[in-house]
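Asker: Dropping a structure here in structure tokens format, bear with me for questions.
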Amino acid sequence: MRIAMAQMDIMWENIPGNKRKVVGFIEEARKRQADCVVFPEMTLTGFSMNVEETGARWKEQVEFFKEASLDYQITCVFGYAMPISDVILEKHPDWRHYQNRLGIVENGQFKASYAKIHPFTLGMEGEYYQGGEEVFTVPWRDTKVSAFICYDLRFPEIFQLVSDQSEIIFVIANWPGSRISQWETLLRARAMETQAFVVGVNRTGDGDGLHYNGHSVIYGPNGEQITTIQERECLVTGDIDLSMVKKSREYIPLRKDRREKLYIKLWKDSTF
């Protein structure tokens, strides 16, 4: 199974320009016979807090990726901002009106949609975007996959939740170069903890005063690095051997040895 990671230099809030870049990446991914191409967080806009502009154009962005997945016969994982429905807001009037989301599309159809659970407080994201409340696992090809967004990477609990079923976990991000060593360490740790392939896709270039230097990478279930680190805009491809997940989980049975009921009890009884 071949995964392509589109390490984009996202043009700030330039949806038409970024669409052209995406098509180029998809065409190259098809030439390399990739099964899936993964893009960074908020793929067509950058990590923008301009929700009234970027979020209001969510349908345009989603339809673009759905059509691309159909036209090029490739699975796409991408990021976008989306308003929360009026029905949900009626039940939660105190919620923010937008969410930072991830979509997986195949053959022109949604396979999954996920709302980032942990808005990034340091970047003021929580002032504009409402955190999600669900994780997901979906079948894809001969395996099952899950996905998270950027700051979610710092919260291992949600990775453990999906790892009971998932063998591949995507993480899309706008992770600045000033903290890139943490990005690599956390991705590797999540892979070893879950005994799954963790695919981390980060942007390059500059946006809203921050510099991004890529380091998109795939780590295997034992923490082995599958792909070479790059710091320029490029397409990084890596081959995944799913049998490695089974071998790792049989050799060290972490799932079996976890004590979930005890963890819940300790959490409830904690006085910290």
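Every chain in the structure tokens takes a letter, A first, then B, and so on in the order presented; its residues are numbered from 1, and the ligands are numbered from 1 following the presented order.
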Counting only C-alpha atoms, what is within 9 Å of stretch 181-194 of chain A, bar same-chain residues fewer than 4 positions away, as a ChimeraX atom specification?
Answerer: /A:150,153-154,156,159-160,162-164,166-167,169,171,175,177,198-200,215-225,254-255
Asker: Assign secondary structure with DSSP using the backbone only, and return the residues of stretch 22-259 of chain A in helix (DSSP H, G or I) as a PyMOL selection string.
Answerer: chain A and resi 22-31+51-71+86-91+121-123+125-127+150-154+156-163+177-194+243-251+254-257
Asker: Write a file of the selected residues as a PDB file, in the first residue's frame, keeping C-alpha atoms.
Answerer:
ATOM      1  CA  VAL A  22      -3.472  20.236  -5.067  1.00  0.00           C
ATOM      2  CA  VAL A  23      -4.171  19.058  -8.610  1.00  0.00           C
ATOM      3  CA  GLY A  24      -0.435  18.993  -9.311  1.00  0.00           C
ATOM      4  CA  PHE A  25       0.188  16.897  -6.217  1.00  0.00           C
ATOM      5  CA  ILE A  26      -2.610  14.483  -7.096  1.00  0.00           C
ATOM      6  CA  GLU A  27      -1.321  14.048 -10.640  1.00  0.00           C
ATOM      7  CA  GLU A  28       2.157  13.278  -9.300  1.00  0.00           C
ATOM      8  CA  ALA A  29       0.712  10.868  -6.707  1.00  0.00           C
ATOM      9  CA  ARG A  30      -1.076   8.971  -9.479  1.00  0.00           C
ATOM     10  CA  LYS A  31       2.155   8.744 -11.498  1.00  0.00           C
ATOM     11  CA  VAL A  51     -13.918  31.856   9.667  1.00  0.00           C
ATOM     12  CA  GLU A  52     -16.517  34.059   7.958  1.00  0.00           C
ATOM     13  CA  GLU A  53     -14.510  33.888   4.732  1.00  0.00           C
ATOM     14  CA  THR A  54     -12.763  30.502   4.718  1.00  0.00           C
ATOM     15  CA  GLY A  55     -15.438  28.599   6.625  1.00  0.00           C
ATOM     16  CA  ALA A  56     -18.274  29.996   4.551  1.00  0.00           C
ATOM     17  CA  ARG A  57     -16.642  28.483   1.441  1.00  0.00           C
ATOM     18  CA  TRP A  58     -16.533  24.953   2.855  1.00  0.00           C
ATOM     19  CA  LYS A  59     -18.844  23.421   0.230  1.00  0.00           C
ATOM     20  CA  GLU A  60     -16.629  24.653  -2.584  1.00  0.00           C
ATOM     21  CA  GLN A  61     -13.596  23.080  -0.921  1.00  0.00           C
ATOM     22  CA  VAL A  62     -15.273  19.766  -0.151  1.00  0.00           C
ATOM     23  CA  GLU A  63     -16.741  19.419  -3.640  1.00  0.00           C
ATOM     24  CA  PHE A  64     -13.337  20.117  -5.144  1.00  0.00           C
ATOM     25  CA  PHE A  65     -11.773  17.183  -3.296  1.00  0.00           C
ATOM     26  CA  LYS A  66     -14.706  14.884  -3.986  1.00  0.00           C
ATOM     27  CA  GLU A  67     -14.441  15.592  -7.706  1.00  0.00           C
ATOM     28  CA  ALA A  68     -10.658  15.180  -7.643  1.00  0.00           C
ATOM     29  CA  SER A  69     -10.911  11.801  -5.927  1.00  0.00           C
ATOM     30  CA  LEU A  70     -13.338  10.655  -8.611  1.00  0.00           C
ATOM     31  CA  ASP A  71     -11.493  12.132 -11.582  1.00  0.00           C
ATOM     32  CA  ASP A  86     -28.176  25.266  13.253  1.00  0.00           C
ATOM     33  CA  VAL A  87     -29.704  22.095  14.698  1.00  0.00           C
ATOM     34  CA  ILE A  88     -26.604  21.412  16.779  1.00  0.00           C
ATOM     35  CA  LEU A  89     -26.236  25.065  17.783  1.00  0.00           C
ATOM     36  CA  GLU A  90     -29.804  25.082  19.093  1.00  0.00           C
ATOM     37  CA  LYS A  91     -28.783  22.330  21.527  1.00  0.00           C
ATOM     38  CA  THR A 121      -5.204  27.499  22.849  1.00  0.00           C
ATOM     39  CA  LEU A 122      -1.813  29.125  22.205  1.00  0.00           C
ATOM     40  CA  GLY A 123      -2.908  30.008  18.664  1.00  0.00           C
ATOM     41  CA  GLU A 125      -8.045  28.597  17.807  1.00  0.00           C
ATOM     42  CA  GLY A 126     -10.592  27.984  20.561  1.00  0.00           C
ATOM     43  CA  GLU A 127     -11.838  31.547  20.157  1.00  0.00           C
ATOM     44  CA  CYS A 150      -2.355  18.829  14.555  1.00  0.00           C
ATOM     45  CA  TYR A 151      -2.671  19.664  18.300  1.00  0.00           C
ATOM     46  CA  ASP A 152      -4.587  16.402  18.817  1.00  0.00           C
ATOM     47  CA  LEU A 153      -1.175  14.731  18.528  1.00  0.00           C
ATOM     48  CA  ARG A 154      -0.338  15.798  22.089  1.00  0.00           C
ATOM     49  CA  PRO A 156      -2.425  10.029  23.507  1.00  0.00           C
ATOM     50  CA  GLU A 157      -5.766   8.988  24.978  1.00  0.00           C
ATOM     51  CA  ILE A 158      -7.660   9.499  21.717  1.00  0.00           C
ATOM     52  CA  PHE A 159      -5.041   7.554  19.772  1.00  0.00           C
ATOM     53  CA  GLN A 160      -5.496   4.618  22.129  1.00  0.00           C
ATOM     54  CA  LEU A 161      -9.248   4.750  21.564  1.00  0.00           C
ATOM     55  CA  VAL A 162      -8.931   4.186  17.808  1.00  0.00           C
ATOM     56  CA  SER A 163      -5.969   1.802  17.894  1.00  0.00           C
ATOM     57  CA  GLY A 177       9.256  24.878  12.525  1.00  0.00           C
ATOM     58  CA  SER A 178      10.051  26.229  15.998  1.00  0.00           C
ATOM     59  CA  ARG A 179       8.525  23.076  17.530  1.00  0.00           C
ATOM     60  CA  ILE A 180       9.291  20.555  14.773  1.00  0.00           C
ATOM     61  CA  SER A 181      11.387  18.258  16.994  1.00  0.00           C
ATOM     62  CA  GLN A 182       8.298  17.767  19.179  1.00  0.00           C
ATOM     63  CA  TRP A 183       6.258  16.886  16.074  1.00  0.00           C
ATOM     64  CA  GLU A 184       8.657  14.071  15.179  1.00  0.00           C
ATOM     65  CA  THR A 185       8.931  12.781  18.745  1.00  0.00           C
ATOM     66  CA  LEU A 186       5.172  12.736  19.286  1.00  0.00           C
ATOM     67  CA  LEU A 187       4.451  11.025  15.957  1.00  0.00           C
ATOM     68  CA  ARG A 188       6.966   8.296  16.725  1.00  0.00           C
ATOM     69  CA  ALA A 189       5.592   7.862  20.245  1.00  0.00           C
ATOM     70  CA  ARG A 190       2.004   7.583  19.002  1.00  0.00           C
ATOM     71  CA  ALA A 191       3.106   4.920  16.493  1.00  0.00           C
ATOM     72  CA  MET A 192       4.874   2.843  19.155  1.00  0.00           C
ATOM     73  CA  GLU A 193       2.052   3.244  21.696  1.00  0.00           C
ATOM     74  CA  THR A 194      -0.667   2.205  19.240  1.00  0.00           C
ATOM     75  CA  SER A 243       1.626  -7.375   8.122  1.00  0.00           C
ATOM     76  CA  MET A 244       4.033  -5.391  10.307  1.00  0.00           C
ATOM     77  CA  VAL A 245       1.102  -4.262  12.469  1.00  0.00           C
ATOM     78  CA  LYS A 246      -0.015  -7.826  13.119  1.00  0.00           C
ATOM     79  CA  LYS A 247       3.519  -8.985  13.890  1.00  0.00           C
ATOM     80  CA  SER A 248       4.127  -6.098  16.293  1.00  0.00           C
ATOM     81  CA  ARG A 249       0.855  -6.627  18.137  1.00  0.00           C
ATOM     82  CA  GLU A 250       1.407 -10.369  18.444  1.00  0.00           C
ATOM     83  CA  TYR A 251       4.984  -9.981  19.682  1.00  0.00           C
ATOM     84  CA  LEU A 254      -0.171  -4.133  24.417  1.00  0.00           C
ATOM     85  CA  ARG A 255      -3.926  -4.318  23.735  1.00  0.00           C
ATOM     86  CA  LYS A 256      -4.262  -7.368  25.952  1.00  0.00           C
ATOM     87  CA  ASP A 257      -2.105  -5.906  28.711  1.00  0.00           C
TER      88      ASP A 257
END
Asker: Smallest atom-to-atom distance to A:Ile168: which of A:Tyr114, A:Phe148, A:Trp140, A:Phe197, using only C-alpha atoms?
Answerer: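 Selected residue with least distance to A:Ile168: A:Phe197.
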Asker: Report, in Å to a single decimal, how far apart atom CA of A:Tyr72 and atom CA of A:Ser113 are.
Answerer: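 Result for atom CA of A:Ser113 versus atom CA of A:Tyr72: 20.5 Å, one decimal.
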Asker: Give me the stretch 194-257 of chain A side of the contact with stretch 41-46 of chain A, cut-off 12 Å, one line per residue showing its nearest atom pair and distance in Å at one decimal, counting only C-alpha atoms, sorted by chain and residue number, as JSON lines.
Answerer:
{"residue": "A:Gly200", "atom": "CA", "partner": "A:Glu41", "partner_atom": "CA", "distance": 10.6}
{"residue": "A:Val201", "atom": "CA", "partner": "A:Glu41", "partner_atom": "CA", "distance": 8.2}
{"residue": "A:Asn202", "atom": "CA", "partner": "A:Glu41", "partner_atom": "CA", "distance": 7.5}
{"residue": "A:Arg203", "atom": "CA", "partner": "A:Glu41", "partner_atom": "CA", "distance": 7.9}
{"residue": "A:Thr204", "atom": "CA", "partner": "A:Gly46", "partner_atom": "CA", "distance": 10.5}
{"residue": "A:Gly205", "atom": "CA", "partner": "A:Gly46", "partner_atom": "CA", "distance": 10.5}
{"residue": "A:Asp206", "atom": "CA", "partner": "A:Gly46", "partner_atom": "CA", "distance": 9.5}
{"residue": "A:Gly207", "atom": "CA", "partner": "A:Gly46", "partner_atom": "CA", "distance": 6.9}
{"residue": "A:Asp208", "atom": "CA", "partner": "A:Gly46", "partner_atom": "CA", "distance": 8.5}
{"residue": "A:Gly209", "atom": "CA", "partner": "A:Gly46", "partner_atom": "CA", "distance": 11.6}
{"residue": "A:Leu210", "atom": "CA", "partner": "A:Gly46", "partner_atom": "CA", "distance": 10.8}
{"residue": "A:His211", "atom": "CA", "partner": "A:Gly46", "partner_atom": "CA", "distance": 11.8}
{"residue": "A:Tyr212", "atom": "CA", "partner": "A:Gly46", "partner_atom": "CA", "distance": 11.0}
Asker: Give me a file of those residues, with all heavy atoms, as a compact mmCIF listing (two decimals), in the first residue's frame.
Answerer:
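Below is the file result.txt, written as the result:
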# COMPACT_ATOMS: atom_id res chain seq x y z
N GLY A 200 2.13 11.39 9.38
CA GLY A 200 2.05 12.80 9.75
C GLY A 200 2.37 13.69 8.57
O GLY A 200 3.45 13.59 7.98
N VAL A 201 1.43 14.57 8.20
CA VAL A 201 1.61 15.44 7.03
C VAL A 201 1.54 16.91 7.48
O VAL A 201 0.51 17.36 7.99
CB VAL A 201 0.54 15.15 5.96
CG1 VAL A 201 0.76 16.06 4.75
CG2 VAL A 201 0.60 13.69 5.55
N ASN A 202 2.63 17.62 7.24
CA ASN A 202 2.74 19.01 7.67
C ASN A 202 3.05 19.89 6.47
O ASN A 202 3.59 19.43 5.46
CB ASN A 202 3.87 19.14 8.71
CG ASN A 202 3.92 20.50 9.37
OD1 ASN A 202 2.89 21.13 9.59
ND2 ASN A 202 5.12 20.95 9.70
N ARG A 203 2.72 21.16 6.55
CA ARG A 203 2.94 22.10 5.47
C ARG A 203 4.36 22.66 5.51
O ARG A 203 5.11 22.48 6.48
CB ARG A 203 1.93 23.25 5.52
CG ARG A 203 2.08 24.16 6.75
CD ARG A 203 1.40 25.51 6.53
NE ARG A 203 2.07 26.26 5.46
CZ ARG A 203 1.71 27.46 5.06
NH1 ARG A 203 0.69 28.07 5.64
NH2 ARG A 203 2.36 28.09 4.10
N THR A 204 4.72 23.40 4.46
CA THR A 204 5.96 24.16 4.42
C THR A 204 5.63 25.64 4.18
O THR A 204 4.45 26.00 4.03
CB THR A 204 6.90 23.67 3.30
OG1 THR A 204 6.19 23.76 2.05
CG2 THR A 204 7.34 22.25 3.54
N GLY A 205 6.66 26.48 4.12
CA GLY A 205 6.46 27.89 3.77
C GLY A 205 6.07 28.76 4.95
O GLY A 205 6.24 28.39 6.11
N ASP A 206 5.50 29.92 4.64
CA ASP A 206 5.14 30.91 5.66
C ASP A 206 3.67 31.27 5.56
O ASP A 206 3.12 31.39 4.46
CB ASP A 206 5.99 32.17 5.48
CG ASP A 206 7.47 31.89 5.63
OD1 ASP A 206 7.90 31.63 6.77
OD2 ASP A 206 8.18 31.89 4.61
N GLY A 207 3.05 31.46 6.73
CA GLY A 207 1.65 31.85 6.77
C GLY A 207 1.31 32.52 8.07
O GLY A 207 1.64 32.00 9.14
N ASP A 208 0.69 33.69 8.00
CA ASP A 208 0.25 34.43 9.18
C ASP A 208 1.40 34.65 10.17
O ASP A 208 1.22 34.54 11.38
CB ASP A 208 -0.91 33.71 9.86
CG ASP A 208 -1.71 34.62 10.78
OD1 ASP A 208 -1.74 35.83 10.53
OD2 ASP A 208 -2.31 34.11 11.76
N GLY A 209 2.59 34.93 9.65
CA GLY A 209 3.72 35.26 10.50
C GLY A 209 4.47 34.05 11.05
O GLY A 209 5.42 34.22 11.84
N LEU A 210 4.10 32.84 10.66
CA LEU A 210 4.77 31.64 11.15
C LEU A 210 5.49 30.93 10.00
O LEU A 210 5.04 30.95 8.86
CB LEU A 210 3.76 30.67 11.78
CG LEU A 210 3.08 31.15 13.06
CD1 LEU A 210 1.98 30.17 13.47
CD2 LEU A 210 4.09 31.31 14.20
N HIS A 211 6.61 30.28 10.34
CA HIS A 211 7.35 29.51 9.35
C HIS A 211 7.14 28.02 9.60
O HIS A 211 7.19 27.55 10.72
CB HIS A 211 8.84 29.83 9.42
CG HIS A 211 9.66 29.01 8.47
ND1 HIS A 211 9.57 29.16 7.10
CD2 HIS A 211 10.55 28.00 8.69
CE1 HIS A 211 10.38 28.30 6.51
NE2 HIS A 211 10.98 27.59 7.45
N TYR A 212 6.92 27.29 8.51
CA TYR A 212 6.68 25.85 8.57
C TYR A 212 7.72 25.14 7.71
O TYR A 212 8.02 25.59 6.60
CB TYR A 212 5.28 25.51 8.05
CG TYR A 212 4.16 26.21 8.79
CD1 TYR A 212 3.70 27.46 8.38
CD2 TYR A 212 3.58 25.62 9.91
CE1 TYR A 212 2.68 28.10 9.06
CE2 TYR A 212 2.56 26.27 10.61
CZ TYR A 212 2.12 27.50 10.17
OH TYR A 212 1.11 28.13 10.85
Asker: Kindly give the distance, in Å, that separates atom CA of A:Phe120 and atom CA of A:Asn50, rounded to a single decimal.
Answerer: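 Straight-line distance from atom CA of A:Phe120 to atom CA of A:Asn50 works out to 15.3 Å.
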Asker: Skip stretch 96-109 of chain A itself and residues of its chain fewer than 2 positions away, then list as number ranges by chain all residues within 6 Å of it, counting only C-alpha atoms.
Answerer: A: 66-67, 69-70, 75-84, 111-116, 129-130
Asker: Once you have the residues from the selection above, write them out as an mmCIF file, in the first residue's frame, restricted to N, CA and C atoms.
Answerer:
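So out30.cif came out as:
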data_model
loop_
_atom_site.group_PDB
_atom_site.id
_atom_site.type_symbol
_atom_site.label_atom_id
_atom_site.label_comp_id
_atom_site.auth_asym_id
_atom_site.auth_seq_id
_atom_site.Cartn_x
_atom_site.Cartn_y
_atom_site.Cartn_z
ATOM 1 N N LYS A 66 -13.879 16.010 -3.553
ATOM 2 C CA LYS A 66 -14.706 14.884 -3.986
ATOM 3 C C LYS A 66 -14.560 14.646 -5.482
ATOM 4 N N GLU A 67 -14.593 15.715 -6.250
ATOM 5 C CA GLU A 67 -14.441 15.592 -7.706
ATOM 6 C C GLU A 67 -13.038 15.107 -8.072
ATOM 7 N N SER A 69 -11.052 13.220 -6.265
ATOM 8 C CA SER A 69 -10.911 11.801 -5.927
ATOM 9 C C SER A 69 -11.563 10.917 -6.972
ATOM 10 N N LEU A 70 -12.646 11.409 -7.559
ATOM 11 C CA LEU A 70 -13.338 10.655 -8.611
ATOM 12 C C LEU A 70 -12.589 10.738 -9.937
ATOM 13 N N THR A 75 -7.817 8.115 -3.270
ATOM 14 C CA THR A 75 -8.361 8.560 -1.993
ATOM 15 C C THR A 75 -7.635 9.825 -1.544
ATOM 16 N N CYS A 76 -8.392 10.818 -1.077
ATOM 17 C CA CYS A 76 -7.814 12.080 -0.604
ATOM 18 C C CYS A 76 -8.159 12.305 0.862
ATOM 19 N N VAL A 77 -7.162 12.708 1.634
ATOM 20 C CA VAL A 77 -7.346 13.131 3.034
ATOM 21 C C VAL A 77 -6.972 14.607 3.074
ATOM 22 N N PHE A 78 -7.856 15.456 3.567
ATOM 23 C CA PHE A 78 -7.632 16.900 3.483
ATOM 24 C C PHE A 78 -8.270 17.609 4.681
ATOM 25 N N GLY A 79 -7.918 18.890 4.844
ATOM 26 C CA GLY A 79 -8.455 19.684 5.934
ATOM 27 C C GLY A 79 -9.225 20.882 5.441
ATOM 28 N N TYR A 80 -10.217 21.317 6.229
ATOM 29 C CA TYR A 80 -11.059 22.461 5.858
ATOM 30 C C TYR A 80 -11.797 22.957 7.100
ATOM 31 N N ALA A 81 -12.333 24.159 7.034
ATOM 32 C CA ALA A 81 -13.176 24.704 8.102
ATOM 33 C C ALA A 81 -14.629 24.630 7.663
ATOM 34 N N MET A 82 -15.525 24.413 8.637
ATOM 35 C CA MET A 82 -16.937 24.220 8.290
ATOM 36 C C MET A 82 -17.829 24.765 9.399
ATOM 37 N N PRO A 83 -18.928 25.435 9.043
ATOM 38 C CA PRO A 83 -19.862 25.891 10.082
ATOM 39 C C PRO A 83 -20.613 24.724 10.709
ATOM 40 N N ILE A 84 -20.946 24.870 11.976
ATOM 41 C CA ILE A 84 -21.759 23.886 12.683
ATOM 42 C C ILE A 84 -23.227 24.115 12.316
ATOM 43 N N LYS A 111 -15.898 9.177 2.964
ATOM 44 C CA LYS A 111 -15.757 7.982 3.786
ATOM 45 C C LYS A 111 -15.796 8.349 5.261
ATOM 46 N N ALA A 112 -15.294 9.554 5.576
ATOM 47 C CA ALA A 112 -15.265 9.992 6.973
ATOM 48 C C ALA A 112 -15.103 11.499 7.040
ATOM 49 N N SER A 113 -15.615 12.079 8.119
ATOM 50 C CA SER A 113 -15.426 13.488 8.421
ATOM 51 C C SER A 113 -15.199 13.608 9.924
ATOM 52 N N TYR A 114 -14.197 14.378 10.305
ATOM 53 C CA TYR A 114 -13.782 14.458 11.712
ATOM 54 C C TYR A 114 -13.568 15.911 12.102
ATOM 55 N N ALA A 115 -14.041 16.283 13.284
ATOM 56 C CA ALA A 115 -13.828 17.624 13.828
ATOM 57 C C ALA A 115 -12.716 17.575 14.876
ATOM 58 N N LYS A 116 -11.720 18.421 14.711
ATOM 59 C CA LYS A 116 -10.579 18.487 15.626
ATOM 60 C C LYS A 116 -11.052 18.615 17.069
ATOM 61 N N TYR A 129 -13.050 28.295 16.774
ATOM 62 C CA TYR A 129 -13.477 26.958 16.383
ATOM 63 C C TYR A 129 -13.893 26.129 17.595
ATOM 64 N N GLN A 130 -14.984 25.401 17.442
ATOM 65 C CA GLN A 130 -15.491 24.527 18.487
ATOM 66 C C GLN A 130 -14.834 23.148 18.387
#
Asker: A:Ile10, A:Met124, A:Pro253, A:Val145: which is nearest A:Pro40, counting only C-alpha atoms?
Answerer: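 Looking at the shortest contact to A:Pro40, the residue is A:Ile10.
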Asker: Mind giving me the straight-line distance from atom CA of A:Lys19 to atom CA of A:Ala6 in Å, one decimal?
Answerer: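 For atom CA of A:Lys19 relative to atom CA of A:Ala6, the distance reads 12.6 Å.
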Asker: Considering only strand (DSSP E or B) as DSSP defines it on the backbone, what residues of stretch 67-232 of chain A qualify? List them as a PyMOL selection string.
Answerer: chain A and resi 75-83+98-106+109-115+129+138-140+143-149+168-173+197-202+204-207+210-213+217-219+225
Asker: Which residue out of A:Thr143, A:Ile149, A:Thr137, A:Trp267 has the minimum interatomic distance to A:Ile117 when only C-alpha atoms are used?
Answerer: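 Distance minimum relative to A:Ile117 lands on A:Ile149.
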